[in-house]
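Before any comments, here is the structure.
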Amino acid sequence: MSVHKEIKKVTTHILQEMKNRGEKISMLTAYDYSMAKIIDKAGIDVILVGDSASNVMAGYETTLPITLDEMIYHAKSVVRAVDRALVVVDLPFGTYQSNSKEALSSAIRIMKETGAGAVKLEGGMESEESIKRILSAGIPIMGHLGLTPQSINKFGTYAVRAKDDEEASRLVEDAYLLQELGCFAIVLEKIPASLTSRISEIKIPIIGIGAGAADGQVLVMHDMLGITQEFSPRFLRRYADLDAVITSAVTNYISDVKSGDFPNEQEQY
Ligand code: KIV
């Protein structure tokens with residue numbers, strides 16, 4: 001029997017067990033109560049309150065502008081909805097890079113104010129001190145390597161990362177470092193699938209997004225549901241076209257209101 005069927009509440013330990021048993025881990029983003037409730041009920045293993053909220057909820061071009069207070073607001077809404085999934089919250093840009101003390105106080109705010117189960121942060125060796133300090137307070141960390149959107153101004157593009165030997169070797173080193181430091185999982189974003197295979201010896205769960213086969217997969221919910229239309233990378237599989245569904249429902253509603261068809265006799269008191 002799979003681990004998935006038995007568990008009431010997903011923890012970091014359950015994810016490790018799933019990896020050990022070869023059971024794949026499903027992960028999606030959510031930023032609000034209603035959507036989190038639906039995906040939790042559907043059985044998703046991990047809900048990421050991603051800083052992609054900056055793009056899909058707030059309409060910014062990058063993930064950089066979202067603040068810690070805004071992330072906490074989103075995370076609180078999600079945690080209130082969730083019974084089963086592990087909720088992981090992104091530490092937003094500027095809240096952990098300057099020094100490890102600030103990193104710890106940002107992570108503590110997230111854990112204390114939201115009730116989430118873990119935080120995620122981007123980077124490898126450059127984040128080592130912050131990772132150590134956060135972990136020393138008993139806060140679980142999910143790492144994030146490869147395309148790290150908070151560094152978009154350094155990269156200059158959202159193209160596939162680590163295609164050259166130097167960047168690929170650095171990523172492998174970083175992945176082993178995150179494991180050694182005590183991170184419970186790592187997200188690998190937009191890297192060659194062959195590079196993900198190179199670190200298949202890593203013991204902690206690897207969650208891919210545009211990184212080929214891994215222990216689990218993550219997508220931004222608004223992308224996989226077809227709410228966002230303009231974003232179409234090769235790795236994105238769309239499971240619904242909610243843009244079309246919502247547009248059709250709203251145009252029908254407008255036309256029923258304009259024609260006087262809504263409300264009818266049964267729809268009033
Ligand atoms: O913020 C986010 O949604 C993420 C995922 C793309 C992994 O970090």
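FYI, nothing fancy with the structure tokens labels: chains A, B, ... in order, residues from 1 per chain, ligands from 1 as they appear.
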- Could I get the residue neighbourhood of ligand 1 at 8 Å, counting only C-alpha atoms and all ligand atoms, as a list in words? Thr29, Leu48, Val49, Gly50, Asp51, Ser52, Ala53, Thr63, Asp90, Lys120, His144, Thr148, Pro149, Val187, Leu188, Glu189, Ile209, Val218, Leu219 and Val220 of chain A
Find the spatial neighbours of segment 11-25 of chain A, counting only C-alpha atoms, within a cut-off of 7 Å - ignore same-chain residues fewer than 6 positions away - and output them as an mmCIF file with C-alpha atoms, in the first residue's frame.
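Printed below is out_38.cif as written:
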data_model
loop_
_atom_site.group_PDB
_atom_site.id
_atom_site.type_symbol
_atom_site.label_atom_id
_atom_site.label_comp_id
_atom_site.auth_asym_id
_atom_site.auth_seq_id
_atom_site.Cartn_x
_atom_site.Cartn_y
_atom_site.Cartn_z
ATOM 1 C CA VAL A 3 2.268 5.959 1.951
ATOM 2 C CA ASP A 45 1.127 16.356 -0.899
ATOM 3 C CA LEU A 86 2.590 20.143 4.085
ATOM 4 C CA PHE A 184 14.654 18.281 3.864
ATOM 5 C CA ILE A 204 16.604 13.868 0.260
ATOM 6 C CA PRO A 205 13.603 14.369 -2.074
ATOM 7 C CA ASP A 215 11.157 12.397 -6.788
ATOM 8 C CA GLY A 216 8.323 14.863 -7.225
ATOM 9 C CA GLN A 217 7.052 17.672 -9.420
#
- Nearest to Asp40 of chain A: which of A:Leu145, A:Val250, A:Ala81, A:Ile72 is it, counting only C-alpha atoms?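 Under the stated criterion, the closest residue is A:Ala81.
Of the residues in segment 4-67 of chain A, those that DSSP places in strand (DSSP E) on the basis of the backbone are Ile25, Ser26, Met27, Leu28, Thr29, Val46, Ile47, Leu48 and Val49 of chain A.
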- Query: Do you have the atom CA of Ile207 of chain A-atom CA of Arg237 of chain A distance handy?
  - Reply: 15.9 Å
- Taking into account only C-alpha atoms, which residue in the set A:Ile199, A:Val79, A:Ser54, A:Leu68 is nearest to Ser34 of chain A? A:Val79
- Task: Can you work out which one of A:Gly146, A:Gly124, A:Gly156, A:Pro192 has the shortest atom-to-atom distance to Glu173 of chain A, counting only C-alpha atoms?
- Result: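 When distances to Glu173 of chain A are compared using only C-alpha atoms, the smallest one comes from A:Gly124.
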- Rank nothing, just name the residue among A:Met111, A:Gln179, A:Ala36, A:Ser259 nearest to Asp83 of chain A, using only C-alpha atoms. A:Ala36
